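One structure below.
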Amino acid sequence: MKLYDDPAFAHLDPRLVVHLQHLIDTSAKKNNAYDTLQGLIQVNNELNNNNIKCTPEMQKSLLNCFKETLPKAQRKQFDMFFNMINKIK
């Protein structure tokens, strides 16, 4: 699902949401976990620069959006990485 179709992002400026989706799509073209993580950092920075605090629904949607850009073989690694981070919190 694209961010601009996701109800979790409906309250944001549509131009910002399109920009965030563009960042996701750009990182997806590189097709590897490192660039996906870099894209996630860029999206987070954009949200912070616009003083937007992610809701849990937005966070889940972002992670799913990025995960969908990875090859199936790397999706499990992506999930394991974020599960590990959540346990550390």
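Please note that chains go A, B, ... in the order of the structure tokens, that every chain numbers its residues from 1, and that ligands are numbered from 1 in the order shown.
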(request) Find the residues around region 43-55 of chain A up to 8 Å (only C-alpha atoms counted), leave out those fewer than 3 positions away in its own chain, and share them as a VMD selection string. (result) chain A and resid 20 23 to 24 39 to 40 58 to 59
Write a file of the selected residues as a PDB file, in the first residue's frame, keeping N, CA and C atoms.
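That gives us result.pdb:
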ATOM      1  N   LEU A  20       7.200  11.708   0.931  1.00  0.00           N
ATOM      2  CA  LEU A  20       7.637  10.555   1.723  1.00  0.00           C
ATOM      3  C   LEU A  20       7.580   9.277   0.890  1.00  0.00           C
ATOM      4  N   LEU A  23      10.528   9.098  -1.357  1.00  0.00           N
ATOM      5  CA  LEU A  23      11.726   8.631  -0.655  1.00  0.00           C
ATOM      6  C   LEU A  23      11.723   7.108  -0.526  1.00  0.00           C
ATOM      7  N   ILE A  24      10.561   6.553  -0.231  1.00  0.00           N
ATOM      8  CA  ILE A  24      10.443   5.101  -0.124  1.00  0.00           C
ATOM      9  C   ILE A  24      10.713   4.454  -1.473  1.00  0.00           C
ATOM     10  N   GLY A  39      16.613   4.846   3.632  1.00  0.00           N
ATOM     11  CA  GLY A  39      15.363   5.496   3.251  1.00  0.00           C
ATOM     12  C   GLY A  39      14.464   5.722   4.450  1.00  0.00           C
ATOM     13  N   LEU A  40      14.432   4.758   5.346  1.00  0.00           N
ATOM     14  CA  LEU A  40      13.630   4.896   6.566  1.00  0.00           C
ATOM     15  C   LEU A  40      14.145   6.047   7.418  1.00  0.00           C
ATOM     16  N   MET A  58       1.092   4.948  12.084  1.00  0.00           N
ATOM     17  CA  MET A  58       1.984   5.478  11.053  1.00  0.00           C
ATOM     18  C   MET A  58       3.290   4.688  11.026  1.00  0.00           C
ATOM     19  N   GLN A  59       3.830   4.382  12.197  1.00  0.00           N
ATOM     20  CA  GLN A  59       5.072   3.616  12.263  1.00  0.00           C
ATOM     21  C   GLN A  59       4.901   2.251  11.626  1.00  0.00           C
TER      22      GLN A  59
END
(request) Going by DSSP on the backbone, which bits of chain A are alpha helix (DSSP H)? Write them as JSON, numbers by chain, please. (result) {"A": [14, 15, 16, 17, 18, 19, 20, 21, 22, 23, 24, 25, 26, 27, 28, 29, 30, 33, 34, 35, 36, 37, 38, 39, 40, 41, 42, 43, 44, 45, 46, 47, 48, 49, 56, 57, 58, 59, 60, 61, 62, 63, 64, 65, 66, 67, 68, 69, 72, 73, 74, 75, 76, 77, 78, 79, 80, 81, 82, 83, 84, 85, 86, 87, 88]}
(message) Which residue is closest to Leu3 (chain A)? Choose from A:Ala73, A:Ser61, A:Lys87, A:Ala28 and count only C-alpha atoms.
(response) A:Ser61
(request) Please identify all polymer residues within 9 Å of Gln21 (chain A), counting only C-alpha atoms, omitting same-chain residues fewer than 5 positions from it, and present them as a VMD selection string. (result) chain A and resid 2 to 4 16 26 43 65
Spatial neighbours of Ser27 (chain A), 9 Å, only C-alpha atoms, chain gap at least 4 places, as an mmCIF file with C-alpha atoms, in the first residue's frame:
data_model
loop_
_atom_site.group_PDB
_atom_site.id
_atom_site.type_symbol
_atom_site.label_atom_id
_atom_site.label_comp_id
_atom_site.auth_asym_id
_atom_site.auth_seq_id
_atom_site.Cartn_x
_atom_site.Cartn_y
_atom_site.Cartn_z
ATOM 1 C CA HIS A 22 8.975 9.203 -3.244
ATOM 2 C CA LEU A 23 11.726 8.631 -0.655
ATOM 3 C CA ASN A 31 16.742 -3.258 -3.719
ATOM 4 C CA ASN A 32 18.783 -3.976 -0.591
ATOM 5 C CA ASP A 35 19.370 1.373 1.328
ATOM 6 C CA THR A 36 15.961 0.527 2.754
ATOM 7 C CA LEU A 37 17.220 1.440 6.211
ATOM 8 C CA GLN A 38 18.729 4.661 4.815
ATOM 9 C CA GLY A 39 15.363 5.496 3.251
ATOM 10 C CA LEU A 40 13.630 4.896 6.566
ATOM 11 C CA PHE A 66 9.562 -0.299 3.372
ATOM 12 C CA THR A 69 10.114 -2.886 -1.249
#
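Minimum atom-to-atom distance to Ala33 (chain A), evaluated using only C-alpha atoms, belongs to A:Lys76 out of A:Lys76, A:His11, A:His19, A:Lys60.
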(message) What's the separation between CA of Pro56 (chain A) and CA of Phe81 (chain A), in Å to one decimal place?
(response) 17.7 Å
(message) Between A:Asp25, A:Asn64, A:Gln42, A:Arg15, which residue has the minimum interatomic distance to Met1 (chain A), considering only C-alpha atoms?
(response)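 Smallest separation from Met1 (chain A) among the options: A:Asn64.
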